[in-house]
Amino acid sequence: MTTSTSREPGRRSGILRTKPIEAILAHSSAEGDESGGGLRRHLGAKDLVGFGVGMIIGTGIFTLTGIEAKNHAGPAVTLAFLIAGLVSGLAAVCYAELASSVPTAGSAYTYAYATIGEVFAWIIGWDLVLEFALGASVVARGWSGYVQHLFGLPTTFFGEQSVVNLGAMGITLLLGIVAVVGVRESARVTNAMVLIKVSVCVFIIAVGAFFIKGGNYSPFIPPSQPVEASSTAGMEQPLSQVLFGVQPSAFGIAGVMTATAVVFFAYSGFEAVANLSEESRNPARDLPIGLLGSLALCTVLYVGVCIVITGMVPYTEIDEGAPLAAAFSHVGLGWAGVLISIAAVAGLTSVVLVDLVGMGRIGFAIGRDGLLPAAVAKVHPKYGTPYRITIATTVLVMLFSGFVPLRELADMVSIGTLFAFVIVSAAVPILRRTRPELKRPFRVPLSPVLPIVSVLACTYLMTNLSIITWIRFVIWMALGLAVYFFWGRRNARLAHEEGRVPVG
């Protein structure tokens, strides 16, 4: 009987089996074949930065700024965005090393498959589906609300009061078609939208700076205040407050950290750049530029906008629905509100598009590995995109955004993102230990210290999300594990290979 020594050195069996790096790279180097081979390489560094910025700048800066300043952090919402950006930066350098070393579709899913095992890869893939689907649905509804506000459209079909949100469903359908037609076309649309919203962010900072009043920054971190029991009853309390027996409160340092965990949603998206590894012309050079460049640019814009808005308006008077537009109306520049609303529509459009593109690439990678039916990974013969999974996810997002108010589920995007960051950060030192000879065009400095700090920071922020968010997350993960054990474990490509090499 053949023994385990006949397998490739370092390979494990069962649910902890890992996919060889060579097999991953072989898949990514192939040009689409009948089995659903590789994707086409169309994208350069500028396109990747555009996708990253297009994904990051959206709902976070246009809505969360006001909500978190007014309810949790005061002017220190600037600090919350800065901390969230720094934690994202820790994860981004880990993504950059893995994406440049293993340039393939699937992002964190693929990295987990190559390092810590198949079952963990499935868990992170299932988590990313949740993150991207829910994020796209929330943003599509936000897009519908801005369009309704701009043009006075009927609230029956547009905005959060709609019975059936046709606006959200319509924009999802349109962008789903763009995502199917081709990633190059998606990049062109995204880059155009990015130019608009970056320009408006610069406008907000440059013009708003003239209306800053220093008194609005005092106190920068408002003193901690107990929160009424009715607003934190039951499962809405942050997990950390329950674990550490902290009295529920707003503002103060605890309020800033709560705001940090919430505004992390604003940074969810830069990792979508890693999903485009297989479509990058020069991944070793372009991926680190795309990941770190988009995150750095957005962090600077976010911090600048927060400084200006909290300086223009006392934090207690910031409008939660449209904080940026309302701030300019507050100082007598109502015309600027229309301009900002237009930018919001453009910004949210690009976020939905990149979400749909990212979901398609994750599903493509999972299907290609046999953890989902192989038909999922089919590449369109003309457009070179994973059209079947893109169409399926477009329909899913249309249903969510059209019929389900998702505001209470928005935290799920943050917990999904943070969980993905934990896995990716842990994968860096693991892969360095198991594959020290692997070519790494970009290397994380101070490894394993920096990846460990990233894991701890992301885990801490996760504990600042509500108990109900954790419960929903655990339920989703349990459902995913059921799918894996009933289907994926037996049908994975590695399972068939393992069957040809018995272990005795």
# chains A, B, ... in the order shown; residues from 1 in each chain; ligands from 1

$ residues_around --residues "Gly293 in chain A" --least-positions-apart "5" --cutoff "9 Å" --atoms "only C-alpha atoms" --output "ChimeraX atom specification"
/A:49,52-53,288,298

$ residues_around --residues "Tyr460 in chain A" --least-positions-apart "6" --cutoff "10 Å" --atoms "only C-alpha atoms" --output "list in words"
Ser240, Met257, Ala261, Leu418 and Ser454 of chain A

$ closest_residue --among "A:Gly125, A:Val376, A:Phe244, A:Gly402" --to "Thr156 in chain A" --atoms "only C-alpha atoms"
A:Gly402

$ select_by_dssp --residues "range 192-392 of chain A" --states "alpha helix (DSSP H)" --output "VMD selection string"
chain A and resid 192 to 208 239 to 243 252 to 263 283 to 312 323 to 330 334 to 368 387 to 392

$ residues_around --residues "Ala133 in chain A" --least-positions-apart "3" --cutoff "9 Å" --atoms "only C-alpha atoms" --output "PyMOL selection string"
chain A and resi 128-130+136-138+355-356+359+393-394+396-397+400+413

$ closest_residue --among "A:Ser199, A:Gln225, A:Ser447, A:Thr258" --to "Ile340 in chain A" --atoms "only C-alpha atoms"
A:Ser199

$ closest_residue --among "A:Tyr109, A:Leu292, A:Val194, A:Ile171" --to "Phe442 in chain A" --atoms "only C-alpha atoms"
A:Leu292

$ residues_around --residues "range 63-71 of chain A" --least-positions-apart "2" --cutoff "10 Å" --atoms "only C-alpha atoms" --output "PyMOL selection string"
chain A and resi 58-61+73-78+80-81+142+250-251+255-256+258-260+262-266+302+305-306+309-310+314-324+326-327+344

$ write_last_selection --atoms "N, CA and C atoms" --output "tab-separated table (two decimals), in the first residue's frame"
chain	number	residue	atom	x	y	z
A	58	GLY	N	-17.01	55.43	-0.95
A	58	GLY	CA	-18.42	55.20	-1.21
A	58	GLY	C	-19.25	55.50	0.02
A	59	THR	N	-20.02	54.51	0.46
A	59	THR	CA	-20.95	54.69	1.57
A	59	THR	C	-20.26	55.20	2.82
A	60	GLY	N	-19.04	54.72	3.08
A	60	GLY	CA	-18.34	55.10	4.30
A	60	GLY	C	-18.19	56.59	4.46
A	61	ILE	N	-17.60	57.25	3.47
A	61	ILE	CA	-17.32	58.67	3.60
A	61	ILE	C	-18.58	59.51	3.41
A	73	ALA	N	-18.13	59.36	18.39
A	73	ALA	CA	-16.76	59.85	18.50
A	73	ALA	C	-16.60	61.35	18.52
A	74	GLY	N	-17.62	62.13	18.10
A	74	GLY	CA	-17.44	63.58	18.00
A	74	GLY	C	-16.39	63.90	16.94
A	75	PRO	N	-15.65	65.02	17.11
A	75	PRO	CA	-14.59	65.36	16.14
A	75	PRO	C	-13.53	64.27	16.00
A	76	ALA	N	-13.43	63.40	17.02
A	76	ALA	CA	-12.44	62.32	16.97
A	76	ALA	C	-12.82	61.24	15.97
A	77	VAL	N	-13.91	61.43	15.22
A	77	VAL	CA	-14.20	60.50	14.13
A	77	VAL	C	-13.03	60.50	13.14
A	78	THR	N	-12.33	61.64	13.09
A	78	THR	CA	-11.10	61.70	12.28
A	78	THR	C	-10.11	60.65	12.75
A	80	ALA	N	-10.85	57.93	14.37
A	80	ALA	CA	-11.41	56.61	14.07
A	80	ALA	C	-11.08	56.19	12.64
A	81	PHE	N	-11.23	57.12	11.70
A	81	PHE	CA	-10.90	56.80	10.31
A	81	PHE	C	-9.40	56.55	10.15
A	142	GLY	N	-28.27	52.42	-1.02
A	142	GLY	CA	-27.82	53.79	-0.80
A	142	GLY	C	-27.82	54.60	-2.09
A	250	ALA	N	-21.16	56.05	25.25
A	250	ALA	CA	-20.85	56.70	23.98
A	250	ALA	C	-19.75	57.71	24.23
A	251	PHE	N	-19.00	58.03	23.20
A	251	PHE	CA	-17.90	58.98	23.26
A	251	PHE	C	-16.78	58.46	24.15
A	255	GLY	N	-15.90	55.08	22.80
A	255	GLY	CA	-16.70	55.52	21.67
A	255	GLY	C	-15.89	55.61	20.39
A	256	VAL	N	-14.65	56.08	20.52
A	256	VAL	CA	-13.78	56.16	19.36
A	256	VAL	C	-13.51	54.78	18.78
A	258	THR	N	-15.42	52.09	19.12
A	258	THR	CA	-16.66	51.61	18.51
A	258	THR	C	-16.82	52.21	17.12
A	259	ALA	N	-16.57	53.51	17.01
A	259	ALA	CA	-16.64	54.18	15.71
A	259	ALA	C	-15.63	53.59	14.74
A	260	THR	N	-14.44	53.25	15.25
A	260	THR	CA	-13.40	52.66	14.39
A	260	THR	C	-13.88	51.34	13.79
A	262	VAL	N	-16.94	50.42	13.27
A	262	VAL	CA	-18.03	50.67	12.33
A	262	VAL	C	-17.50	51.26	11.03
A	263	VAL	N	-16.63	52.28	11.13
A	263	VAL	CA	-16.15	52.93	9.90
A	263	VAL	C	-15.19	52.03	9.14
A	264	PHE	N	-14.80	50.90	9.72
A	264	PHE	CA	-13.98	49.95	8.97
A	264	PHE	C	-14.68	49.54	7.69
A	265	PHE	N	-16.01	49.59	7.73
A	265	PHE	CA	-16.80	49.34	6.52
A	265	PHE	C	-16.33	50.23	5.37
A	266	ALA	N	-15.89	51.47	5.72
A	266	ALA	CA	-15.47	52.41	4.69
A	266	ALA	C	-14.21	51.95	3.96
A	302	TYR	N	-10.07	60.51	3.32
A	302	TYR	CA	-11.01	60.31	4.43
A	302	TYR	C	-10.67	61.22	5.60
A	305	VAL	N	-11.40	64.90	4.77
A	305	VAL	CA	-12.83	65.21	4.77
A	305	VAL	C	-13.37	65.26	6.21
A	306	CYS	N	-12.94	64.33	7.05
A	306	CYS	CA	-13.41	64.32	8.45
A	306	CYS	C	-12.98	65.58	9.17
A	309	ILE	N	-15.25	68.52	7.81
A	309	ILE	CA	-16.67	68.47	8.16
A	309	ILE	C	-16.88	68.73	9.65
A	310	THR	N	-16.07	68.13	10.50
A	310	THR	CA	-16.23	68.36	11.95
A	310	THR	C	-15.78	69.76	12.34
A	314	PRO	N	-20.63	71.94	14.32
A	314	PRO	CA	-20.51	71.26	15.61
A	314	PRO	C	-21.00	69.82	15.49
A	315	TYR	N	-20.28	68.89	16.09
A	315	TYR	CA	-20.61	67.48	15.88
A	315	TYR	C	-22.04	67.14	16.31
A	316	THR	N	-22.59	67.88	17.26
A	316	THR	CA	-23.96	67.61	17.71
A	316	THR	C	-24.99	68.01	16.68
A	317	GLU	N	-24.59	68.82	15.68
A	317	GLU	CA	-25.53	69.32	14.67
A	317	GLU	C	-25.31	68.69	13.30
A	318	ILE	N	-24.37	67.73	13.21
A	318	ILE	CA	-24.11	67.10	11.92
A	318	ILE	C	-25.31	66.27	11.49
A	319	ASP	N	-25.66	66.39	10.23
A	319	ASP	CA	-26.78	65.63	9.67
A	319	ASP	C	-26.34	64.19	9.42
A	320	GLU	N	-27.11	63.24	9.91
A	320	GLU	CA	-26.74	61.83	9.76
A	320	GLU	C	-27.02	61.29	8.37
A	321	GLY	N	-28.03	61.84	7.69
A	321	GLY	CA	-28.40	61.29	6.39
A	321	GLY	C	-27.48	61.73	5.27
A	322	ALA	N	-27.14	63.03	5.23
A	322	ALA	CA	-26.28	63.56	4.18
A	322	ALA	C	-25.30	64.55	4.80
A	323	PRO	N	-24.35	64.08	5.59
A	323	PRO	CA	-23.49	64.97	6.37
A	323	PRO	C	-22.67	65.94	5.53
A	324	LEU	N	-22.17	65.50	4.40
A	324	LEU	CA	-21.31	66.35	3.60
A	324	LEU	C	-22.10	67.47	2.93
A	326	ALA	N	-25.08	68.56	3.78
A	326	ALA	CA	-25.69	69.42	4.80
A	326	ALA	C	-24.68	70.38	5.41
A	327	ALA	N	-23.43	69.96	5.53
A	327	ALA	CA	-22.41	70.84	6.10
A	327	ALA	C	-22.21	72.09	5.25
A	344	ALA	N	-21.77	61.37	-4.86
A	344	ALA	CA	-22.18	60.19	-4.09
A	344	ALA	C	-22.77	59.13	-5.00

$ residues_around --residues "Ile467 in chain A" --least-positions-apart "6" --cutoff "7 Å" --atoms "only C-alpha atoms" --output "list of chain:residue names"
A:Met235, A:Glu236, A:Gln237, A:Pro238, A:Leu239

$ write_last_selection --atoms "C-alpha atoms" --output "compact mmCIF listing (two decimals), in the first residue's frame"
# COMPACT_ATOMS: atom_id res chain seq x y z
CA MET A 235 -28.02 41.92 21.37
CA GLU A 236 -27.06 45.40 20.15
CA GLN A 237 -24.25 45.81 22.69
CA PRO A 238 -20.67 45.51 21.42
CA LEU A 239 -19.21 42.11 22.28

$ atom_distance --atom1 "CA of Tyr484 in chain A" --atom2 "CA of Leu372 in chain A"
8.8 Å

$ closest_residue --among "A:Trp122, A:Ile342, A:Gly176, A:Lys378" --to "Gln148 in chain A" --atoms "only C-alpha atoms"
A:Ile342

$ select_by_dssp --residues "range 96-280 of chain A" --states "strand (DSSP E)" --output "PyMOL selection string"
chain A and resi 225-226+249-250

$ atom_distance --atom1 "CA of Leu134 in chain A" --atom2 "CA of Val357 in chain A"
14.0 Å

$ residues_around --residues "Phe403 in chain A" --least-positions-apart "5" --cutoff "10 Å" --atoms "only C-alpha atoms" --output "list in words"
Arg141, Ser162, Val163, Val164, Asn165, Leu166, Ala168, Met169 and Met398 of chain A

$ residues_around --residues "Met412 in chain A" --least-positions-apart "2" --cutoff "9 Å" --atoms "only C-alpha atoms" --output "tab-separated table (two decimals) with N, CA and C atoms, in the first residue's frame"
chain	number	residue	atom	x	y	z
A	130	LEU	N	-20.30	36.50	1.57
A	130	LEU	CA	-21.16	37.30	2.43
A	130	LEU	C	-20.77	38.76	2.38
A	131	GLU	N	-19.47	39.04	2.53
A	131	GLU	CA	-18.99	40.42	2.56
A	131	GLU	C	-19.36	41.17	1.29
A	134	LEU	N	-23.46	41.27	0.59
A	134	LEU	CA	-24.15	42.18	1.49
A	134	LEU	C	-23.71	43.61	1.26
A	135	GLY	N	-22.39	43.79	1.04
A	135	GLY	CA	-21.89	45.13	0.78
A	135	GLY	C	-22.50	45.72	-0.48
A	408	GLU	N	-29.61	47.15	9.25
A	408	GLU	CA	-29.25	46.44	10.48
A	408	GLU	C	-28.21	45.36	10.26
A	409	LEU	N	-27.94	45.04	8.98
A	409	LEU	CA	-26.94	44.02	8.68
A	409	LEU	C	-25.62	44.61	8.19
A	410	ALA	N	-25.51	45.95	8.17
A	410	ALA	CA	-24.32	46.58	7.61
A	410	ALA	C	-23.05	46.16	8.35
A	414	SER	N	-18.38	44.61	7.89
A	414	SER	CA	-17.16	44.87	8.65
A	414	SER	C	-16.61	43.58	9.27
A	415	ILE	N	-17.47	42.76	9.86
A	415	ILE	CA	-16.96	41.55	10.51
A	415	ILE	C	-16.42	40.57	9.47
A	416	GLY	N	-17.05	40.53	8.30
A	416	GLY	CA	-16.54	39.67	7.23
A	416	GLY	C	-15.18	40.14	6.73
A	417	THR	N	-15.03	41.46	6.58
A	417	THR	CA	-13.76	42.02	6.13
A	417	THR	C	-12.66	41.77	7.14
A	465	LEU	N	-17.86	44.99	17.57
A	465	LEU	CA	-19.13	44.87	16.85
A	465	LEU	C	-20.15	44.18	17.75
A	469	THR	N	-24.50	40.83	15.58
A	469	THR	CA	-23.66	40.67	14.39
A	469	THR	C	-22.85	39.39	14.47
A	470	TRP	N	-22.30	39.11	15.64
A	470	TRP	CA	-21.54	37.87	15.84
A	470	TRP	C	-22.43	36.64	15.68
A	472	ARG	N	-25.19	36.36	13.86
A	472	ARG	CA	-25.49	36.19	12.44
A	472	ARG	C	-24.28	35.64	11.69
A	473	PHE	N	-23.11	36.13	12.06
A	473	PHE	CA	-21.89	35.67	11.41
A	473	PHE	C	-21.65	34.18	11.67

$ atom_distance --atom1 "CA of Ile475 in chain A" --atom2 "CA of Pro405 in chain A"
19.3 Å

$ closest_residue --among "A:Asn491, A:Thr299, A:Thr110, A:Thr390" --to "Tyr95 in chain A" --atoms "only C-alpha atoms"
A:Thr110
